[in-house]
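Visitor: Provided below: model-v9.tsv, containing TSV, C-alpha atoms.
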```tsv
chain	number	residue	atom	x	y	z
D	24	MET	CA	106.06	36.19	124.24
D	25	ASN	CA	107.32	33.73	121.62
D	26	GLN	CA	108.34	36.60	119.34
D	27	LEU	CA	110.15	38.30	122.24
D	28	ILE	CA	112.04	35.08	123.04
D	29	GLN	CA	113.05	34.64	119.40
D	30	THR	CA	114.23	38.28	119.16
D	31	LEU	CA	116.10	38.02	122.45
D	32	LYS	CA	117.96	34.93	121.28
D	33	GLU	CA	118.99	36.72	118.08
D	34	GLN	CA	120.15	39.74	120.09
D	35	LEU	CA	122.19	37.53	122.42
D	36	ILE	CA	123.86	35.77	119.50
D	37	GLU	CA	124.79	39.06	117.87
D	38	ALA	CA	125.87	40.96	121.00
D	39	LEU	CA	127.88	38.08	122.44
D	40	ASN	CA	129.20	36.98	119.03
D	41	LEU	CA	128.20	33.37	119.68
D	42	GLU	CA	129.85	31.55	116.81
D	43	ASP	CA	128.03	28.75	115.00
D	44	ILE	CA	124.97	29.08	117.25
D	45	THR	CA	121.46	29.70	115.91
D	46	PRO	CA	118.39	30.75	117.96
D	47	GLU	CA	117.17	27.14	117.69
D	48	ASP	CA	120.35	25.94	119.44
D	49	ILE	CA	119.55	27.98	122.56
D	50	GLU	CA	117.19	26.20	124.90
D	51	THR	CA	114.73	28.75	126.23
D	52	SER	CA	114.75	27.45	129.80
D	53	ALA	CA	118.41	26.31	129.95
D	54	PRO	CA	120.89	28.24	132.14
D	55	LEU	CA	122.81	31.00	130.37
D	56	PHE	CA	125.74	31.10	132.79
D	57	GLY	CA	128.06	28.34	133.92
D	58	ASP	CA	126.38	25.39	132.26
D	59	GLY	CA	124.26	25.84	129.15
D	60	LEU	CA	125.72	28.62	127.00
D	61	GLY	CA	128.63	29.06	129.40
D	62	LEU	CA	128.41	32.84	129.62
D	63	ASP	CA	130.44	34.83	132.16
D	64	SER	CA	130.35	38.15	134.02
D	65	ILE	CA	131.42	40.21	130.98
D	66	ASP	CA	128.50	38.71	129.07
D	67	ALA	CA	126.20	39.74	131.92
D	68	LEU	CA	127.29	43.35	131.36
D	69	GLU	CA	126.61	42.96	127.62
D	70	ILE	CA	123.11	41.64	128.42
D	71	ILE	CA	122.47	44.64	130.69
D	72	LEU	CA	123.24	46.84	127.68
D	73	ILE	CA	120.73	44.89	125.54
D	74	LEU	CA	118.06	45.51	128.18
D	75	GLU	CA	118.95	49.21	128.29
D	76	ARG	CA	119.31	49.90	124.58
D	77	GLU	CA	116.68	47.60	123.10
D	78	TYR	CA	114.00	47.61	125.80
D	79	GLY	CA	114.60	50.85	127.73
D	80	ILE	CA	115.17	48.99	130.99
D	81	LYS	CA	117.84	50.76	133.02
D	82	ILE	CA	119.29	48.58	135.74
D	83	ASP	CA	120.80	50.36	138.71
D	84	ASN	CA	120.32	47.77	141.40
D	85	LEU	CA	119.04	44.32	140.57
D	86	GLU	CA	118.61	42.37	143.77
D	87	ASN	CA	117.20	39.28	142.06
D	88	ALA	CA	119.79	39.29	139.22
D	89	LYS	CA	120.54	35.60	139.61
D	90	GLU	CA	116.91	34.67	138.93
D	91	VAL	CA	116.39	37.23	136.12
D	92	PHE	CA	119.58	36.28	134.25
D	93	TYR	CA	119.08	32.55	134.68
D	94	SER	CA	117.71	31.75	131.22
D	95	VAL	CA	116.24	33.28	128.09
D	96	GLN	CA	112.79	32.56	129.54
D	97	THR	CA	113.46	34.43	132.80
D	98	LEU	CA	115.02	37.32	130.91
D	99	ALA	CA	112.01	37.51	128.57
D	100	ASP	CA	109.64	37.49	131.57
D	101	PHE	CA	111.60	40.34	133.15
D	102	ILE	CA	111.56	42.34	129.89
D	103	ASP	CA	107.84	41.74	129.42
D	104	LYS	CA	107.10	43.13	132.87
D	105	ASN	CA	109.49	46.10	132.78
D	106	ARG	CA	109.96	47.31	129.22
D	107	LYS	CA	109.03	50.90	128.35
F	15	MET	CA	176.60	39.98	125.95
F	16	LYS	CA	175.05	36.53	125.63
F	17	PRO	CA	174.19	35.31	122.11
F	18	ILE	CA	170.53	35.91	121.27
F	19	TYR	CA	169.09	33.27	118.93
F	20	ILE	CA	165.91	33.44	116.88
F	21	ASN	CA	164.69	29.92	117.50
F	22	LYS	CA	161.29	30.19	115.82
F	23	ILE	CA	159.38	32.68	113.70
F	24	SER	CA	155.86	33.01	112.41
F	25	SER	CA	154.35	35.09	109.68
F	26	PHE	CA	151.22	35.11	107.53
F	27	ASP	CA	150.87	35.35	103.77
F	28	TYR	CA	149.64	38.54	102.17
F	29	THR	CA	146.83	39.25	99.81
F	30	VAL	CA	145.98	42.39	97.84
F	31	GLY	CA	143.16	44.22	99.58
F	32	GLU	CA	141.62	47.55	98.74
F	33	TYR	CA	139.94	50.53	100.34
F	34	THR	CA	137.95	52.92	98.12
F	35	GLY	CA	139.50	51.22	95.11
F	36	ILE	CA	143.08	51.80	96.32
F	37	PRO	CA	145.15	48.63	96.76
F	38	CYS	CA	146.76	47.78	100.09
F	39	ALA	CA	148.63	44.84	101.61
F	40	LYS	CA	146.35	42.76	103.84
F	41	ILE	CA	147.04	39.59	105.80
F	42	ALA	CA	145.39	36.57	104.20
F	43	ASP	CA	143.36	35.46	107.22
F	44	PRO	CA	143.96	31.82	108.15
F	45	ASP	CA	141.25	29.58	109.62
F	46	TYR	CA	141.39	31.02	113.14
F	47	LYS	CA	139.06	28.33	114.51
F	48	SER	CA	141.63	25.67	113.77
F	49	ILE	CA	144.35	27.64	115.57
F	50	ILE	CA	142.48	29.12	118.57
F	51	SER	CA	140.40	26.24	119.82
F	52	ASN	CA	138.94	28.03	122.87
F	53	ALA	CA	135.62	29.24	121.39
F	54	ASN	CA	134.73	31.33	124.43
F	55	MET	CA	137.93	33.36	124.11
F	56	ARG	CA	137.80	33.47	120.31
F	57	ARG	CA	134.29	34.94	120.10
F	58	ARG	CA	135.40	38.11	121.87
F	59	MET	CA	138.49	38.63	119.74
F	60	SER	CA	138.59	41.18	116.94
F	61	ARG	CA	140.54	40.38	113.78
F	62	VAL	CA	143.89	41.76	114.97
F	63	ILE	CA	143.64	39.87	118.26
F	64	LYS	CA	142.95	36.64	116.39
F	65	MET	CA	145.87	37.43	114.09
F	66	GLY	CA	148.21	38.11	117.02
F	67	VAL	CA	147.19	35.17	119.18
F	68	SER	CA	147.27	32.81	116.18
F	69	SER	CA	150.72	34.02	115.17
F	70	ALA	CA	152.03	33.47	118.71
F	71	LEU	CA	150.56	29.95	118.86
F	72	ILE	CA	151.96	29.07	115.41
F	73	CYS	CA	155.36	30.44	116.46
F	74	LEU	CA	155.43	28.20	119.52
F	75	GLY	CA	154.03	25.26	117.54
F	76	ASN	CA	154.51	21.99	119.35
F	77	GLN	CA	156.37	23.88	122.09
F	78	ALA	CA	153.23	25.57	123.42
F	79	ASP	CA	154.08	24.17	126.85
F	80	ILE	CA	157.54	25.78	126.85
F	81	ALA	CA	158.35	27.77	129.99
F	82	LEU	CA	158.29	31.31	128.69
F	83	ASP	CA	160.24	33.87	130.71
F	84	GLY	CA	158.52	36.75	129.00
F	85	ILE	CA	155.92	37.79	126.45
F	86	ILE	CA	156.77	41.13	124.85
F	87	THR	CA	154.60	42.68	122.17
F	88	ALA	CA	155.06	45.75	119.99
F	89	THR	CA	152.52	47.85	118.15
F	90	GLY	CA	152.25	51.31	116.72
F	91	TRP	CA	148.48	51.42	116.39
F	92	GLY	CA	147.12	48.89	118.88
F	93	CYS	CA	143.78	47.16	118.45
F	94	LEU	CA	142.16	49.69	116.14
F	95	GLU	CA	138.92	47.88	115.28
F	96	ASP	CA	137.80	47.68	118.91
F	97	THR	CA	139.04	51.21	119.61
F	98	GLU	CA	137.05	52.57	116.66
F	99	LYS	CA	133.93	50.68	117.76
F	100	PHE	CA	134.28	51.90	121.33
F	101	LEU	CA	134.73	55.54	120.27
F	102	ASN	CA	131.87	55.34	117.75
F	103	ASP	CA	129.62	53.87	120.47
F	104	MET	CA	130.53	56.77	122.75
F	105	ILE	CA	129.02	59.12	120.17
F	106	LYS	CA	126.14	56.82	119.22
F	107	TYR	CA	125.00	56.28	122.81
F	108	ASP	CA	125.73	59.84	123.93
F	109	GLU	CA	128.48	58.77	126.35
F	110	GLY	CA	126.07	56.45	128.14
F	111	SER	CA	126.78	52.84	129.10
F	112	LEU	CA	129.26	51.27	126.68
F	113	ASN	CA	130.07	47.68	125.78
F	114	PRO	CA	132.69	46.24	128.15
F	115	THR	CA	134.17	43.87	125.57
F	116	THR	CA	135.31	46.51	123.08
F	117	PHE	CA	136.75	48.58	125.92
F	118	ILE	CA	138.68	45.65	127.37
F	119	GLN	CA	139.91	44.49	123.95
F	120	SER	CA	140.85	47.94	122.68
F	121	THR	CA	143.90	48.31	124.89
F	122	PHE	CA	147.36	48.01	123.35
F	123	ASN	CA	148.40	45.13	125.61
F	124	THR	CA	145.36	42.97	124.82
F	125	ILE	CA	147.25	40.55	122.59
F	126	GLY	CA	150.07	40.00	125.08
F	127	ALA	CA	147.46	39.41	127.77
F	128	GLN	CA	145.38	37.00	125.67
F	129	ILE	CA	148.48	34.95	124.82
F	130	ALA	CA	149.37	34.78	128.52
F	131	LEU	CA	145.82	33.70	129.40
F	132	LEU	CA	145.78	30.99	126.74
F	133	LEU	CA	149.19	29.65	127.77
F	134	SER	CA	148.68	30.24	131.51
F	135	ALA	CA	151.96	32.12	131.34
F	136	LYS	CA	152.47	34.21	134.46
F	137	ALA	CA	155.90	35.53	133.52
F	138	TYR	CA	156.92	39.08	132.53
F	139	ASN	CA	154.44	40.62	130.11
F	140	MET	CA	155.09	43.95	128.42
F	141	THR	CA	153.84	45.90	125.41
F	142	TYR	CA	155.78	48.65	123.66
F	143	VAL	CA	153.93	51.38	121.77
F	144	HIS	CA	156.76	53.47	120.31
F	145	ARG	CA	155.47	54.18	116.80
F	146	SER	CA	157.99	52.92	114.21
F	147	LEU	CA	160.45	51.89	116.92
F	148	SER	CA	158.02	49.63	118.81
F	149	LEU	CA	159.58	46.38	117.59
F	150	GLU	CA	163.08	47.66	118.30
F	151	SER	CA	162.03	48.56	121.86
F	152	ALA	CA	160.51	45.10	122.38
F	153	LEU	CA	163.61	43.37	121.01
F	154	THR	CA	165.86	45.50	123.22
F	155	ASP	CA	163.81	44.55	126.28
F	156	ALA	CA	163.94	40.87	125.30
F	157	MET	CA	167.71	41.00	124.80
F	158	LEU	CA	168.14	42.64	128.22
F	159	LEU	CA	165.94	39.96	129.84
F	160	LEU	CA	167.90	37.18	128.16
F	161	ASN	CA	171.16	38.75	129.29
F	162	GLU	CA	169.84	38.75	132.85
F	163	GLY	CA	169.63	34.96	132.72
F	164	LYS	CA	166.18	34.31	131.24
F	165	GLN	CA	166.05	31.58	128.61
F	166	ASN	CA	162.98	31.92	126.39
F	167	VAL	CA	161.18	35.12	125.47
F	168	LEU	CA	158.34	35.43	122.98
F	169	VAL	CA	158.44	38.70	121.04
F	170	GLY	CA	155.68	39.78	118.68
F	171	ALA	CA	154.67	42.79	116.63
F	172	PHE	CA	151.26	43.63	115.24
F	173	ASP	CA	149.41	46.41	113.48
F	174	GLU	CA	146.09	46.21	111.65
F	175	LEU	CA	144.78	48.34	108.83
F	176	THR	CA	141.11	49.29	109.01
F	177	SER	CA	138.90	51.27	106.68
F	178	SER	CA	138.90	54.25	109.08
F	179	SER	CA	142.65	54.22	109.71
F	180	PHE	CA	143.32	53.92	105.97
F	181	THR	CA	141.07	56.88	105.21
F	182	THR	CA	142.51	59.03	108.00
F	183	LEU	CA	146.17	58.23	107.33
F	184	ARG	CA	145.67	58.68	103.60
F	185	ARG	CA	144.23	62.15	104.20
F	186	LEU	CA	147.35	62.96	106.22
F	187	GLY	CA	149.49	61.95	103.24
F	188	ILE	CA	151.05	58.92	104.97
F	189	TYR	CA	150.33	56.69	101.98
F	190	ARG	CA	151.35	59.12	99.24
F	191	ASN	CA	153.36	57.02	96.75
F	192	CYS	CA	153.43	54.08	99.13
F	193	LEU	CA	151.48	50.90	99.76
F	194	ALA	CA	149.40	50.83	102.96
F	195	GLY	CA	149.89	47.65	104.94
F	196	GLU	CA	149.48	45.67	108.13
F	197	GLY	CA	151.16	42.71	109.71
F	198	VAL	CA	151.73	40.37	112.61
F	199	ASN	CA	154.88	38.40	113.29
F	200	PHE	CA	156.23	36.54	116.31
F	201	PHE	CA	159.73	35.39	117.31
F	202	LEU	CA	160.82	32.93	119.96
F	203	LEU	CA	164.15	34.21	121.24
F	204	GLY	CA	166.54	32.31	123.46
F	205	THR	CA	170.12	32.16	124.65
F	206	ASP	CA	170.50	28.50	123.70
F	207	LYS	CA	170.91	27.25	120.16
F	208	THR	CA	168.30	24.61	119.36
F	209	ASP	CA	167.40	22.31	116.45
F	210	THR	CA	165.09	25.03	115.16
F	211	THR	CA	167.49	27.97	115.47
F	212	LEU	CA	167.36	30.12	112.36
F	213	ALA	CA	169.69	33.00	113.08
F	214	GLN	CA	171.35	35.10	115.74
F	215	ILE	CA	170.57	38.72	116.52
F	216	LYS	CA	174.02	40.27	116.77
F	217	GLY	CA	172.82	43.74	117.59
F	218	LEU	CA	170.37	46.52	117.03
F	219	THR	CA	170.46	50.26	117.32
F	220	THR	CA	168.20	53.20	116.68
F	221	LEU	CA	169.14	56.38	114.85
F	222	PRO	CA	167.92	59.89	115.61
F	223	THR	CA	165.18	61.59	113.62
F	224	GLY	CA	165.95	63.92	110.73
F	225	THR	CA	168.51	61.62	109.11
F	226	ASN	CA	170.25	62.10	105.79
F	227	SER	CA	172.26	59.70	103.64
F	228	ASP	CA	175.64	60.77	105.09
F	229	SER	CA	174.54	60.39	108.70
F	230	VAL	CA	172.82	57.03	108.01
F	231	SER	CA	175.87	55.70	106.16
F	232	GLU	CA	178.17	56.80	108.98
F	233	SER	CA	175.83	55.13	111.49
F	234	VAL	CA	175.82	51.88	109.51
F	235	ILE	CA	179.61	51.80	109.25
F	236	ARG	CA	180.01	52.64	112.95
F	237	PHE	CA	177.38	50.05	113.95
F	238	LEU	CA	179.03	47.30	111.88
F	239	SER	CA	182.48	48.17	113.23
F	240	VAL	CA	181.26	47.38	116.77
F	241	TYR	CA	181.02	43.76	115.56
F	242	GLY	CA	184.28	43.90	113.62
F	243	LEU	CA	182.45	44.09	110.30
F	244	HIS	CA	182.61	46.21	107.17
F	245	PRO	CA	179.71	46.80	104.73
F	246	SER	CA	181.43	44.49	102.25
F	247	ASP	CA	180.97	41.62	104.75
F	248	LEU	CA	177.19	41.70	104.34
F	249	SER	CA	175.46	38.97	102.31
F	250	LEU	CA	172.07	40.63	102.48
F	251	ILE	CA	170.70	44.05	103.20
F	252	ALA	CA	166.97	44.50	103.86
F	253	LEU	CA	165.64	47.97	103.26
F	254	GLY	CA	162.39	49.58	104.33
F	255	LYS	CA	162.02	51.38	100.99
F	256	ASN	CA	158.34	52.16	100.58
F	257	GLY	CA	158.04	54.36	97.50
F	258	LYS	CA	158.24	57.68	99.29
F	259	LEU	CA	160.60	59.81	97.27
F	260	ALA	CA	162.49	61.52	100.13
F	261	SER	CA	163.35	58.38	102.12
F	262	ASP	CA	163.89	56.19	99.03
F	263	ARG	CA	166.52	58.67	97.85
F	264	ILE	CA	168.32	58.28	101.21
F	265	TYR	CA	168.24	54.46	100.89
F	266	ASP	CA	169.68	54.65	97.35
F	267	GLU	CA	172.44	57.04	98.39
F	268	VAL	CA	173.28	54.94	101.46
F	269	ILE	CA	173.60	51.81	99.30
F	270	SER	CA	175.87	53.73	96.95
F	271	ILE	CA	178.05	55.13	99.78
F	272	LEU	CA	178.37	51.75	101.54
F	273	ALA	CA	179.78	50.14	98.36
F	274	LEU	CA	178.32	46.73	99.21
F	275	LYS	CA	180.01	43.72	97.65
F	276	ASP	CA	177.69	41.03	96.24
F	277	ALA	CA	175.03	41.69	98.87
F	278	SER	CA	171.47	40.81	97.92
F	279	VAL	CA	168.92	43.55	98.49
F	280	LEU	CA	165.53	42.74	100.04
F	281	LEU	CA	162.73	45.30	99.78
F	282	PHE	CA	160.27	43.84	102.25
F	283	LYS	CA	157.70	46.66	102.21
F	284	GLN	CA	156.87	45.79	98.61
F	285	THR	CA	155.07	42.79	100.15
F	286	CYS	CA	153.82	43.96	103.54
F	287	GLY	CA	153.28	47.64	102.81
F	288	GLU	CA	153.93	50.49	105.24
F	289	TYR	CA	152.92	50.19	108.90
F	290	PRO	CA	154.68	51.01	112.19
F	291	THR	CA	156.03	47.52	112.93
F	292	ALA	CA	156.85	46.52	109.34
F	293	MET	CA	160.43	45.84	110.46
F	294	ALA	CA	159.09	42.65	112.07
F	295	PHE	CA	158.07	41.33	108.65
F	296	GLY	CA	161.44	42.51	107.33
F	297	LEU	CA	163.14	40.53	110.09
F	298	VAL	CA	161.16	37.39	109.23
F	299	LYS	CA	161.98	37.65	105.52
F	300	THR	CA	165.64	38.44	106.26
F	301	VAL	CA	165.97	35.42	108.53
F	302	GLU	CA	164.20	33.19	105.99
F	303	GLN	CA	166.33	34.40	103.09
F	304	LEU	CA	169.58	34.30	105.06
F	305	SER	CA	168.98	30.82	106.44
F	306	SER	CA	167.94	29.33	103.09
F	307	ASN	CA	170.29	31.08	100.66
F	308	SER	CA	173.44	31.99	102.57
F	309	GLU	CA	176.31	30.15	104.17
F	310	VAL	CA	176.36	29.65	107.92
F	311	GLY	CA	178.09	32.64	109.50
F	312	SER	CA	176.96	35.13	106.86
F	313	TYR	CA	175.53	38.47	107.89
F	314	ALA	CA	172.44	40.49	107.02
F	315	LEU	CA	171.56	44.04	107.95
F	316	LEU	CA	168.08	45.52	108.19
F	317	LEU	CA	167.72	49.25	107.73
F	318	ASN	CA	164.50	51.17	108.25
F	319	ILE	CA	164.46	54.92	107.79
F	320	ASP	CA	161.75	56.97	109.44
F	321	GLU	CA	162.73	60.63	109.38
F	322	ALA	CA	159.87	61.66	111.65
F	323	PHE	CA	160.03	59.08	114.43
F	324	GLY	CA	163.49	57.50	114.24
F	325	SER	CA	165.30	54.91	112.14
F	326	SER	CA	166.80	51.58	113.09
F	327	LEU	CA	169.42	48.97	112.22
F	328	ILE	CA	169.34	45.26	113.09
F	329	LEU	CA	172.30	42.94	112.43
F	330	ILE	CA	171.58	39.24	111.91
F	331	GLN	CA	173.97	36.32	111.51
F	332	HIS	CA	173.06	32.97	110.03
```
What is this file in structure tokens?
Guide:
Amino acid sequence: MNQLIQTLKEQLIEALNLEDITPEDIETSAPLFGDGLGLDSIDALEIILILEREYGIKIDNLENAKEVFYSVQTLADFIDKNRK
Amino acid sequence: MKPIYINKISSFDYTVGEYTGIPCAKIADPDYKSIISNANMRRRMSRVIKMGVSSALICLGNQADIALDGIITATGWGCLEDTEKFLNDMIKYDEGSLNPTTFIQSTFNTIGAQIALLLSAKAYNMTYVHRSLSLESALTDAMLLLNEGKQNVLVGAFDELTSSSFTTLRRLGIYRNCLAGEGVNFFLLGTDKTDTTLAQIKGLTTLPTGTNSDSVSESVIRFLSVYGLHPSDLSLIALGKNGKLASDRIYDEVISILALKDASVLLFKQTCGEYPTAMAFGLVKTVEQLSSNSEVGSYALLLNIDEAFGSSLILIQH
């Protein structure tokens, strides 16, 4: 799980072009949207593409999106349970 | 017609770049972080968007809170880097889900929109994509707006050179004997003369395609006569000579036919290279040279010849 979290942070930094931010700067349990990293809806779409391309998780209807996309930790948990 | 003043300009320095060992004129990138402070907006911007937004902000300077009546941009190529990435991803991911950011930022009006977002400017916002006459179209629109009673209009022109565009255009022979280039320039136009006013745009016109030296010379003389001028009244003539033999011969013959008297000649594409909105850089250099070296009231003419897509003339007065 720790390796997955580290990789996910690196993928977020690259895909979202987060300037001057290293994986160590991202708190694993901190919110990604609003507070924390301050991501927005376009970033959410970019994260969906990471899930699809890197982990084979295709999202058609995510009812609990708010919980899954809350933090790096919740995203990693979701990937761990659903990746192919 | 109301007088149209160029109250502010912005331009970047050039550096010699190269693609596959062939030199080209590239913008010397400034420190964008110090110009675009909003990190969340900046991180999504490709190079040309940063160039365009930075140029607009520098142009406005300490007048960033000015009430703009319009933001009008001009480009021949648009935001190529994002367009190339988006199209490459289409192939790479077999037309599956594609990144939203590159799609959103690949559109031609992205820079005008980003400037409006940063300035919270809700006024008229338009982008002209008319190949080598894009700047002229944007300036015409701005002049019409100002004549309708608007007071301040921001006009900008941008085109970026990328590795792919260089390779493709070079294969098509666009850069045979001429320097490939790119550029971004902005102008704050207004109907009121201010402390920062640099020059006045007296007029501009476009010429049909397929020109020759006789028709261009006749057009220049006719255009100047509208303002009661003769070629000998010009202090400066800026030419879009780019090294291409056919069009350079027309420029040389036109200069000979016009029999200019003591006019300085400015060859702006020697610095910025060839790109669709290079006239914007020519306009910046003309205004700078006219306002620093010539008497108040002196005239300069810009001439750009593009046999394929249309030529243009812009008359400036200090």
Visitor: Give the answer as one residue: which of F:Tyr265, F:Tyr107, F:Phe323, F:Phe282 has the shortest atom-to-atom distance to chain D, using all atoms listed in the file?
Guide: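 Of F:Tyr265, F:Tyr107, F:Phe323, F:Phe282, the one nearest chain D is F:Tyr107, counting all atoms listed in the file.
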Visitor: What does the distance from atom CA of F:Lys207 to atom CA of F:Ile49 come to in Å, to one decimal?
Guide: 27.0 Å
Visitor: Neighbouring residues of stretch 33-37 of chain D were defined as those with any atom within 12 Å, considering all atoms listed in the file; residues of the same chain fewer than 2 positions away were excluded. Please report them as a PyMOL selection string.
Guide: (chain D and resi 26-31+39-49+55+60+62+66-74+76-78+94-95+98-99) or (chain F and resi 57-58)
Visitor: Can you tell me, as a list in words, what residues are no more than 9 Å from D:Asn105 when counting only C-alpha atoms, ignoring any on the same chain fewer than 4 positions away?
Guide: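 Non-adjacent residues within range: Tyr78, Gly79, Ile80, Asp100 and Phe101 of chain D.
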Visitor: If the cut-off is 10 Å, can you tell me the residues of chain F near chain D, counting all atoms listed in the file? I'd like them as a list in words.
Guide: Ala53, Asn54, Arg56, Arg57, Arg58, Met59, Tyr107, Ser111, Leu112, Asn113, Pro114, Thr115 and Ile118 of chain F
Visitor: Please indicate the distance in Å from atom CA of F:Ala314 to atom CA of F:Gly204, rounded to one decimal place.
Guide: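 Those two atoms sit 19.3 Å apart.
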Visitor: Just the residues within 6 Å of stretch 21-38 of chain F, please, counting all atoms listed in the file, with nothing from its chain fewer than 6 positions along; format it as a PyMOL selection string.
Guide: chain F and resi 69+73+193-195+199-203+210-212
Visitor: For F:Ala294, which residue among F:Leu317, F:Leu149, F:Leu159, F:Ala39 is the nearest when counting all atoms listed in the file?
Guide: F:Leu149
